[in-house]
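What follows is a short report on a single structure.
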Amino acid sequence: MSFDFDFTVEDLEQMVPNCKEPDELYEALCHVCPNYEIDTVDRLAAFVAQCGHESADFTRLKENLNYSASALVRVWPRHFNEENAQEYHRQPEKIANRAYRDRMGNDDEESGDGWRYRGRGAIQLTGYNNYNAFSEDAGMDIEDAVDYLETLEGAVESAAWFWLKNDLNEMADDRDNTAMTKRINGGTHGIEDRKERLINNLEILLGD
């Protein structure tokens, strides 16, 4: 499938200028997005804007958990404190297993679920429950989904799945940047960059 409006690799390169694989990303967007009703100029512009912000132009598709001890206490005070943070200093796997234990469908720290189901994708999917829901809808085994989300197409599809599930197409139709940002981020972090990206993408796709 593809789009019924003009959208080229050159357009995409202007929308996400730091993307290292624009041709591959273009193919993934054309193949995936229409299946999730991201099929108008407004919807594609918003999707690429939000995903571009979240993933630094589709260059960061896995969660970075390489935190120092002091950062762990600051970022995750419910899970790390002055007594235990040093034990996890700069150990991403151990950090994930503790921070994501016993929630989002994950088992305890020893299970390895926190690391196995850490954030992946252009809008990072996190936790067993989300991975399981995505894999069921996508018609694949959950462990295959883990591998798939580390591909560029998988990163796009998991984001598009989240987008459709959370009614973001309707928000995109209204060009409601604030509502989209809150639904994705839980707050308004990066809202100005997201707005600038949306405006830029609309200008590119509309030829203004």
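In the structure tokens, the first chain shown is A, the next is B, and so on; residue numbers restart at 1 for each chain, and ligands run from 1 in the order shown.
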Item to check | Residue neighbourhood Asn201 (chain A), 10 Å, only C-alpha atoms, exclusion window fewer than 2 positions, as a PyMOL selection string | outcome: chain A and resi 11-12+14-16+41-42+44-49+195-199+203-207
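Residues with any atom within 10 Å of Cys30 (chain A), counting only C-alpha atoms and excluding same-chain neighbours fewer than 3 positions away, are Met1, Ser2, Phe3, Phe7, Thr8, Leu25, Tyr26, Glu27, Cys33, Pro34, Asn35, Ile38 and Asp39 of chain A.
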Could you save those same residues with C-alpha atoms as an mmCIF file, in the first residue's frame?
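Done, and the output landed in selection.cif:
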```cif
data_model
loop_
_atom_site.group_PDB
_atom_site.id
_atom_site.type_symbol
_atom_site.label_atom_id
_atom_site.label_comp_id
_atom_site.auth_asym_id
_atom_site.auth_seq_id
_atom_site.Cartn_x
_atom_site.Cartn_y
_atom_site.Cartn_z
ATOM 1 C CA MET A 1 0.000 0.000 0.000
ATOM 2 C CA SER A 2 0.970 3.633 -0.325
ATOM 3 C CA PHE A 3 -0.540 7.105 -0.020
ATOM 4 C CA PHE A 7 5.048 11.934 -0.668
ATOM 5 C CA THR A 8 8.647 11.321 -1.717
ATOM 6 C CA LEU A 25 12.235 4.533 6.476
ATOM 7 C CA TYR A 26 10.275 5.759 3.457
ATOM 8 C CA GLU A 27 9.481 2.185 2.425
ATOM 9 C CA CYS A 33 1.016 3.650 7.810
ATOM 10 C CA PRO A 34 -2.017 3.131 5.541
ATOM 11 C CA ASN A 35 -2.768 -0.112 7.403
ATOM 12 C CA ILE A 38 -2.407 7.122 8.868
ATOM 13 C CA ASP A 39 -3.419 7.919 5.336
#
```
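Across the structure, CA of Thr151 (chain A) and CA of Leu61 (chain A) are spaced 8.5 Å apart.
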Output as a tab-separated table one row per residue of region 21-88 of chain A within 10 Å of region 120-135 of chain A: the closest atom pair and its distance in Å to one decimal place, counting only C-alpha atoms, sorted by chain and residue number ascending.
```
residue	atom	partner	partner_atom	distance
A:Phe47	CA	A:Ile123	CA	10.0
A:Val48	CA	A:Ala122	CA	9.5
A:Gln50	CA	A:Ile123	CA	8.3
A:Cys51	CA	A:Ala122	CA	5.4
A:Gly52	CA	A:Ala122	CA	7.7
A:His53	CA	A:Ala122	CA	9.1
A:Glu54	CA	A:Ile123	CA	6.2
A:Ser55	CA	A:Ala122	CA	5.4
A:Ala56	CA	A:Ala122	CA	9.0
A:Asp57	CA	A:Ala122	CA	9.0
A:Phe58	CA	A:Ala122	CA	6.4
A:Thr59	CA	A:Ala122	CA	8.8
A:Arg60	CA	A:Ala122	CA	7.6
A:Leu61	CA	A:Gly121	CA	4.9
A:Lys62	CA	A:Arg120	CA	4.5
A:Glu63	CA	A:Arg120	CA	6.2
A:Asn64	CA	A:Arg120	CA	9.8
```
Item to check | Sel. of alpha helix (DSSP H) residues, region 5-196 of chain A, as a PyMOL selection string | outcome: chain A and resi 9-15+22-32+41-55+69-75+85-88+92-99+113-116+128-138+142-148+152-165+168-173+177-185+191-196
